Each structure stands twice: as structure tokens, then as C-alpha cells.
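entry-v1.cif (mmCIF, C-alpha atoms, pLDDT in the B column; chains and numbers go by the auth columns)
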```
data_work
#
loop_
_atom_site.group_PDB
_atom_site.id
_atom_site.type_symbol
_atom_site.label_atom_id
_atom_site.label_comp_id
_atom_site.label_asym_id
_atom_site.label_seq_id
_atom_site.Cartn_x
_atom_site.Cartn_y
_atom_site.Cartn_z
_atom_site.B_iso_or_equiv
_atom_site.auth_seq_id
_atom_site.auth_asym_id
ATOM 1 C CA MET A 1 -31.510 -42.826 -5.969 45.00 21 A
ATOM 2 C CA PHE A 2 -34.489 -41.427 -7.798 51.00 22 A
ATOM 3 C CA LYS A 3 -34.367 -38.155 -5.788 57.00 23 A
ATOM 4 C CA ASN A 4 -30.676 -37.671 -6.604 58.00 24 A
ATOM 5 C CA ARG A 5 -31.417 -37.722 -10.343 61.00 25 A
ATOM 6 C CA LEU A 6 -34.150 -35.139 -10.014 58.00 26 A
ATOM 7 C CA LEU A 7 -32.200 -32.762 -7.784 66.00 27 A
ATOM 8 C CA PRO A 8 -29.944 -31.256 -10.534 74.00 28 A
ATOM 9 C CA ASN A 9 -32.921 -30.797 -12.838 79.00 29 A
ATOM 10 C CA HIS A 10 -34.910 -29.198 -10.044 78.00 30 A
ATOM 11 C CA LEU A 11 -32.038 -26.771 -9.250 79.00 31 A
ATOM 12 C CA LYS A 12 -31.753 -25.957 -12.942 80.00 32 A
ATOM 13 C CA GLN A 13 -35.442 -25.192 -13.143 82.00 33 A
ATOM 14 C CA VAL A 14 -35.351 -22.993 -10.037 81.00 34 A
ATOM 15 C CA ALA A 15 -32.249 -21.105 -11.249 81.00 35 A
ATOM 16 C CA PHE A 16 -33.733 -20.332 -14.654 84.00 36 A
ATOM 17 C CA MET A 17 -37.344 -19.785 -13.564 87.00 37 A
ATOM 18 C CA LYS A 18 -38.407 -16.262 -14.572 91.00 38 A
ATOM 19 C CA LYS A 19 -40.083 -14.035 -12.026 91.00 39 A
ATOM 20 C CA ARG A 20 -41.264 -10.472 -12.322 92.00 40 A
ATOM 21 C CA LEU A 21 -40.271 -7.678 -9.954 89.00 41 A
ATOM 22 C CA ILE A 22 -42.831 -4.867 -9.993 92.00 42 A
ATOM 23 C CA LEU A 23 -42.734 -1.550 -8.137 93.00 43 A
ATOM 24 C CA ILE A 24 -46.218 -0.097 -7.616 94.00 44 A
ATOM 25 C CA ASN A 25 -47.324 3.246 -6.236 93.00 45 A
ATOM 26 C CA GLU A 26 -49.410 2.212 -3.223 92.00 46 A
ATOM 27 C CA GLU A 27 -51.814 5.128 -3.357 92.00 47 A
ATOM 28 C CA THR A 28 -52.723 4.964 -7.061 92.00 48 A
ATOM 29 C CA PHE A 29 -51.732 1.341 -7.810 90.00 49 A
ATOM 30 C CA GLU A 30 -49.793 2.676 -10.773 93.00 50 A
ATOM 31 C CA GLU A 31 -46.930 0.456 -11.980 92.00 51 A
ATOM 32 C CA LEU A 32 -43.673 2.403 -11.652 92.00 52 A
ATOM 33 C CA PHE A 33 -41.122 -0.208 -12.674 91.00 53 A
ATOM 34 C CA SER A 34 -41.160 -3.803 -13.871 93.00 54 A
ATOM 35 C CA ILE A 35 -38.349 -6.252 -14.645 92.00 55 A
ATOM 36 C CA LYS A 36 -38.107 -9.996 -15.293 93.00 56 A
ATOM 37 C CA LEU A 37 -35.566 -11.773 -13.112 92.00 57 A
ATOM 38 C CA SER A 38 -34.325 -15.267 -12.453 90.00 58 A
ATOM 39 C CA LEU A 39 -32.330 -16.558 -9.507 89.00 59 A
ATOM 40 C CA LEU A 40 -29.272 -16.914 -11.744 89.00 60 A
ATOM 41 C CA ASN A 41 -29.537 -13.296 -12.976 91.00 61 A
ATOM 42 C CA VAL A 42 -29.746 -12.018 -9.404 92.00 62 A
ATOM 43 C CA PHE A 43 -26.748 -14.124 -8.366 93.00 63 A
ATOM 44 C CA VAL A 44 -24.620 -12.943 -11.316 94.00 64 A
ATOM 45 C CA ALA A 45 -25.592 -9.291 -10.790 95.00 65 A
ATOM 46 C CA GLY A 46 -24.817 -9.526 -7.071 96.00 66 A
ATOM 47 C CA THR A 47 -21.445 -11.164 -7.717 98.00 67 A
ATOM 48 C CA LEU A 48 -20.487 -8.544 -10.302 98.00 68 A
ATOM 49 C CA GLY A 49 -21.588 -5.784 -7.924 98.00 69 A
ATOM 50 C CA VAL A 50 -19.428 -7.158 -5.110 98.00 70 A
ATOM 51 C CA ILE A 51 -16.416 -7.520 -7.425 98.00 71 A
ATOM 52 C CA PHE A 52 -16.924 -3.951 -8.659 98.00 72 A
ATOM 53 C CA LEU A 53 -17.099 -2.595 -5.088 98.00 73 A
ATOM 54 C CA ILE A 54 -13.960 -4.468 -4.060 97.00 74 A
ATOM 55 C CA THR A 55 -11.963 -3.233 -7.059 97.00 75 A
ATOM 56 C CA MET A 56 -13.149 0.357 -6.651 97.00 76 A
ATOM 57 C CA THR A 57 -12.267 0.304 -2.937 95.00 77 A
ATOM 58 C CA THR A 58 -8.831 -1.124 -3.716 93.00 78 A
ATOM 59 C CA VAL A 59 -8.182 1.474 -6.414 94.00 79 A
ATOM 60 C CA LEU A 60 -9.410 4.274 -4.159 93.00 80 A
ATOM 61 C CA ILE A 61 -7.099 3.232 -1.340 89.00 81 A
ATOM 62 C CA ALA A 62 -4.086 2.357 -3.509 86.00 82 A
ATOM 63 C CA PHE A 63 -3.965 5.525 -5.627 88.00 83 A
ATOM 64 C CA THR A 64 -5.052 8.230 -3.197 88.00 84 A
ATOM 65 C CA PRO A 65 -3.637 9.586 0.063 83.00 85 A
ATOM 66 C CA LEU A 66 -6.087 7.356 1.940 85.00 86 A
ATOM 67 C CA ARG A 67 -3.419 4.641 1.969 82.00 87 A
ATOM 68 C CA GLU A 68 -1.571 6.613 4.642 79.00 88 A
ATOM 69 C CA TYR A 69 -4.346 5.757 7.100 82.00 89 A
ATOM 70 C CA ILE A 70 -3.647 2.027 6.777 81.00 90 A
ATOM 71 C CA PRO A 71 -1.732 0.853 9.856 81.00 91 A
ATOM 72 C CA GLY A 72 1.899 0.140 9.044 78.00 92 A
ATOM 73 C CA TYR A 73 1.932 2.184 5.833 77.00 93 A
ATOM 74 C CA ALA A 74 4.180 5.230 6.092 75.00 94 A
ATOM 75 C CA SER A 75 3.485 8.458 4.255 76.00 95 A
ATOM 76 C CA THR A 76 5.732 9.553 1.410 77.00 96 A
ATOM 77 C CA GLN A 77 6.767 12.656 3.367 81.00 97 A
ATOM 78 C CA LEU A 78 7.815 10.463 6.298 83.00 98 A
ATOM 79 C CA LYS A 79 9.834 8.181 3.997 84.00 99 A
ATOM 80 C CA LYS A 80 11.687 11.155 2.496 89.00 100 A
ATOM 81 C CA GLU A 81 12.461 12.569 5.938 91.00 101 A
ATOM 82 C CA ALA A 82 13.655 9.176 7.179 91.00 102 A
ATOM 83 C CA THR A 83 16.030 8.848 4.222 91.00 103 A
ATOM 84 C CA ILE A 84 17.440 12.333 4.784 93.00 104 A
ATOM 85 C CA LEU A 85 17.869 11.671 8.507 94.00 105 A
ATOM 86 C CA ALA A 86 19.598 8.351 7.817 93.00 106 A
ATOM 87 C CA LEU A 87 22.110 10.090 5.553 92.00 107 A
ATOM 88 C CA LYS A 88 22.715 12.838 8.120 94.00 108 A
ATOM 89 C CA THR A 89 23.149 10.257 10.884 94.00 109 A
ATOM 90 C CA ASP A 90 25.716 8.382 8.833 92.00 110 A
ATOM 91 C CA SER A 91 27.755 11.509 8.122 92.00 111 A
ATOM 92 C CA LEU A 92 27.546 12.631 11.749 94.00 112 A
ATOM 93 C CA THR A 93 28.714 9.203 12.916 93.00 113 A
ATOM 94 C CA GLN A 94 31.762 9.439 10.658 91.00 114 A
ATOM 95 C CA ALA A 95 32.524 12.957 11.899 92.00 115 A
ATOM 96 C CA LEU A 96 32.208 11.788 15.498 94.00 116 A
ATOM 97 C CA GLU A 97 34.636 8.909 14.893 90.00 117 A
ATOM 98 C CA LYS A 98 37.177 11.317 13.392 89.00 118 A
ATOM 99 C CA ASN A 99 36.832 13.717 16.318 91.00 119 A
ATOM 100 C CA GLU A 100 37.222 10.895 18.853 91.00 120 A
ATOM 101 C CA ALA A 101 40.380 9.664 17.130 87.00 121 A
ATOM 102 C CA TYR A 102 41.752 13.214 17.075 87.00 122 A
ATOM 103 C CA LEU A 103 40.997 13.739 20.773 90.00 123 A
ATOM 104 C CA LYS A 104 42.614 10.419 21.715 87.00 124 A
ATOM 105 C CA ALA A 105 45.762 11.431 19.851 81.00 125 A
ATOM 106 C CA ILE A 106 45.808 14.797 21.612 84.00 126 A
ATOM 107 C CA GLN A 107 45.398 13.052 24.985 86.00 127 A
ATOM 108 C CA LYS A 108 48.387 10.843 24.166 82.00 128 A
ATOM 109 C CA VAL A 109 50.465 13.916 23.379 78.00 129 A
ATOM 110 C CA LEU A 110 49.374 15.743 26.540 83.00 130 A
ATOM 111 C CA THR A 111 50.024 12.766 28.813 84.00 131 A
ATOM 112 C CA GLY A 112 53.438 12.193 27.227 77.00 132 A
ATOM 113 C CA LYS A 113 52.719 8.763 25.820 78.00 133 A
ATOM 114 C CA LEU A 114 53.341 10.011 22.301 63.00 134 A
ATOM 115 C CA GLU A 115 56.118 12.247 21.112 58.00 135 A
ATOM 116 C CA HIS A 116 55.183 15.588 19.628 52.00 136 A
ATOM 117 C CA VAL A 117 57.150 14.899 16.454 53.00 137 A
ATOM 118 C CA THR A 118 55.117 11.803 15.485 54.00 138 A
ATOM 119 C CA PHE A 119 51.789 13.598 15.936 52.00 139 A
ATOM 120 C CA ASN A 120 50.098 14.406 12.622 60.00 140 A
ATOM 121 C CA LYS A 121 46.424 15.289 12.185 62.00 141 A
ATOM 122 C CA ASP A 122 46.242 13.882 8.656 66.00 142 A
ATOM 123 C CA SER A 123 47.571 10.487 9.700 67.00 143 A
ATOM 124 C CA ILE A 124 44.998 10.309 12.506 63.00 144 A
ATOM 125 C CA LEU A 125 42.153 11.141 10.132 65.00 145 A
ATOM 126 C CA ALA A 126 43.480 8.610 7.634 65.00 146 A
ATOM 127 C CA GLN A 127 43.249 5.887 10.296 64.00 147 A
ATOM 128 C CA THR A 128 39.512 6.461 10.706 64.00 148 A
ATOM 129 C CA GLN A 129 38.773 6.198 6.984 66.00 149 A
ATOM 130 C CA THR A 130 37.891 2.814 5.620 66.00 150 A
ATOM 131 C CA THR A 131 39.859 1.535 2.674 68.00 151 A
ATOM 132 C CA ILE A 132 38.336 -0.208 -0.304 71.00 152 A
ATOM 133 C CA SER A 133 40.095 -3.306 -1.558 75.00 153 A
ATOM 134 C CA PRO A 134 41.502 -3.151 -5.102 77.00 154 A
ATOM 135 C CA GLU A 135 39.483 -6.247 -6.013 77.00 155 A
ATOM 136 C CA ALA A 136 36.253 -4.353 -5.397 74.00 156 A
ATOM 137 C CA LEU A 137 37.386 -1.596 -7.759 76.00 157 A
ATOM 138 C CA LYS A 138 38.042 -3.916 -10.712 81.00 158 A
ATOM 139 C CA ALA A 139 35.608 -3.588 -13.588 80.00 159 A
ATOM 140 C CA SER A 140 33.300 -6.493 -14.322 84.00 160 A
ATOM 141 C CA GLU A 141 32.810 -8.045 -17.755 87.00 161 A
ATOM 142 C CA ALA A 142 29.537 -6.162 -18.236 87.00 162 A
ATOM 143 C CA GLU A 143 31.250 -2.863 -17.424 87.00 163 A
ATOM 144 C CA LEU A 144 34.057 -3.529 -19.872 87.00 164 A
ATOM 145 C CA ASP A 145 31.539 -4.356 -22.627 91.00 165 A
ATOM 146 C CA LEU A 146 29.607 -1.185 -21.860 89.00 166 A
ATOM 147 C CA ARG A 147 32.796 0.885 -22.015 87.00 167 A
ATOM 148 C CA LYS A 148 33.600 -0.580 -25.441 91.00 168 A
ATOM 149 C CA GLU A 149 30.088 0.193 -26.711 90.00 169 A
ATOM 150 C CA VAL A 150 30.259 3.783 -25.435 88.00 170 A
ATOM 151 C CA ALA A 151 33.689 4.282 -26.983 87.00 171 A
ATOM 152 C CA GLU A 152 32.412 2.989 -30.339 88.00 172 A
ATOM 153 C CA GLU A 153 29.374 5.286 -30.173 84.00 173 A
ATOM 154 C CA GLU A 154 31.616 8.253 -29.358 82.00 174 A
ATOM 155 C CA LYS A 155 33.816 7.441 -32.366 81.00 175 A
ATOM 156 C CA LYS A 156 30.758 7.249 -34.598 79.00 176 A
ATOM 157 C CA GLY A 157 29.440 10.504 -33.168 70.00 177 A
ATOM 158 C CA THR A 158 32.723 12.358 -33.750 65.00 178 A
ATOM 159 C CA ASN A 159 32.999 10.931 -37.283 65.00 179 A
ATOM 160 C CA GLU A 160 29.468 12.100 -38.068 62.00 180 A
ATOM 161 C CA LEU A 161 30.223 15.530 -36.576 53.00 181 A
ATOM 162 C CA VAL A 162 33.408 15.902 -38.655 54.00 182 A
ATOM 163 C CA SER A 163 31.647 14.822 -41.875 61.00 183 A
ATOM 164 C CA HIS A 164 28.777 17.209 -41.094 55.00 184 A
ATOM 165 C CA LYS A 165 31.227 20.135 -40.661 55.00 185 A
ATOM 166 C CA LYS A 166 32.990 19.274 -43.935 58.00 186 A
ATOM 167 C CA LYS A 167 29.683 19.406 -45.816 58.00 187 A
ATOM 168 C CA LYS A 168 28.998 22.961 -44.611 54.00 188 A
#
```

For the structure just supplied, provide its representation as C-alpha cells.
Amino acid sequence: MFKNRLLPNHLKQVAFMKKRLILINEETFEELFSIKLSLLNVFVAGTLGVIFLITMTTVLIAFTPLREYIPGYASTQLKKEATILALKTDSLTQALEKNEAYLKAIQKVLTGKLEHVTFNKDSILAQTQTTISPEALKASEAELDLRKEVAEEEKKGTNELVSHKKKK
């Protein structure tokens, strides 16, 4: 019990006890550098140094091209190329579907399963296109409000323009 009461005081004394760090030239015994330190000062300085190194490393990696060397992180050039290729792939897929539908219709005509009169290229291409439902095309409340605001601003702008021309 008695030792437990002395332990915090002892730690406090050790943490705040001042010690001197001296650098001496060994040949001439000349004092080059001297500083007073305590255990707490060394701990705080070390902690701040580690935090500084971690933040500088993070900033260096996050805001420079070094981030491309992190596994799983794609380069900006690669992302741009992937986006362009995805768009090209989508358009090529649609073109392929249209061509397949056209070829199937031609095969039906050539085999005699479809009369020549009912064959129309535009109707075949129209079958491959997807239709958008009218409900999806309806304007939302936010869009209607925005349209009203823009119309009011345009009216104000034209009124100001007309009054400005009259003044000249």
C-alpha cells in the first residue's frame, strides 16, 4: 500500500528530472553542444517527430504521382482510357445488336419465311432500340421549380436589356 502511493510521485520525479546532454570533441575535450533535457521533453519531441513524419509521408504519397505505385491504385491515365474504352464498347455492342437483327431479317427473306413486302430496314432497327417510358420523362418538382426560376430570371434580364437600350 505504501509503495503504491509513492509510485506516481516517483514517476513524476523521473519524468521531470533535468539532465544535460553534452557533445564533446574527444581530441580537445572542447564542448560542442549542450542542452538540458527531461524524460518528458524527449517523449514529447519523439512523438511530435513521429507525427510529423507520418503526415509528411501521407502528403507526399497522396499529392504526388507516387500514389500510382500503391497496389490497387490505378493511374489517372489508366482511368481515362478505361472510361473511353467502356464508352466505345457500349456503342459497339449496340451496333452489333443492330447488325445481328438486320442479318436475321435478311435470312428470313432469303429462306422465304418472310415476305419481301413486309421487310423494312427501319422497322428492324427500331426493334433493337430501347424505349423510354413516358413516366421517366416527366419533370420532377425540383425541375419545375428550376424552370420557373430560370424563366423569371430571363424576364428580368430582357426587361433590364430593354430599359438599358431605351436609356441610350

Item to check | the PyMOL selection byres ((chain A and resi 54) around 8) resolved against shown file, as a ChimeraX atom specification | outcome: /A:40-43,51-53,55-56

Next on the checklist: Report, in Å with one decimal, the straight-line distance from CA of Ile90 in chain A to CA of Val70 in chain A.
Outcome noted: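 Pair CA of Ile90 in chain A / CA of Val70 in chain A returns 21.8 Å.
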
Item to check | Contacts of Lys38 in chain A within 9 Å, only C-alpha atoms, excl. fewer than 2 positions in-chain, as a ChimeraX atom specification | outcome: /A:34-36,40,56-59

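For the atom pair formed by CA of Lys158 in chain A and CA of Lys176 in chain A, the distance is 27.4 Å, given to one decimal.
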
Item to check | Distance criterion (all atoms listed in the file): nearest to Asn61 in chain A out of A:Lys39, A:Ile74, A:Pro85, A:Ser95 | outcome: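 Residue with the minimum atom-to-atom distance to Asn61 in chain A: A:Lys39.
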
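From CA of Val79 in chain A back to CA of Tyr93 in chain A, the distance works out to 15.9 Å.
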
Kindly compute an axis-aligned box around the listed atoms of range 81-92 of chain A, allowing 8 Å on each side, and express its centre and edge lengths in Å to one decimal as AutoDock Vina command-line options.
```
--center_x -2.6 --center_y 4.9 --center_z 2.1 --size_x 25.0 --size_y 25.4 --size_z 31.5
```
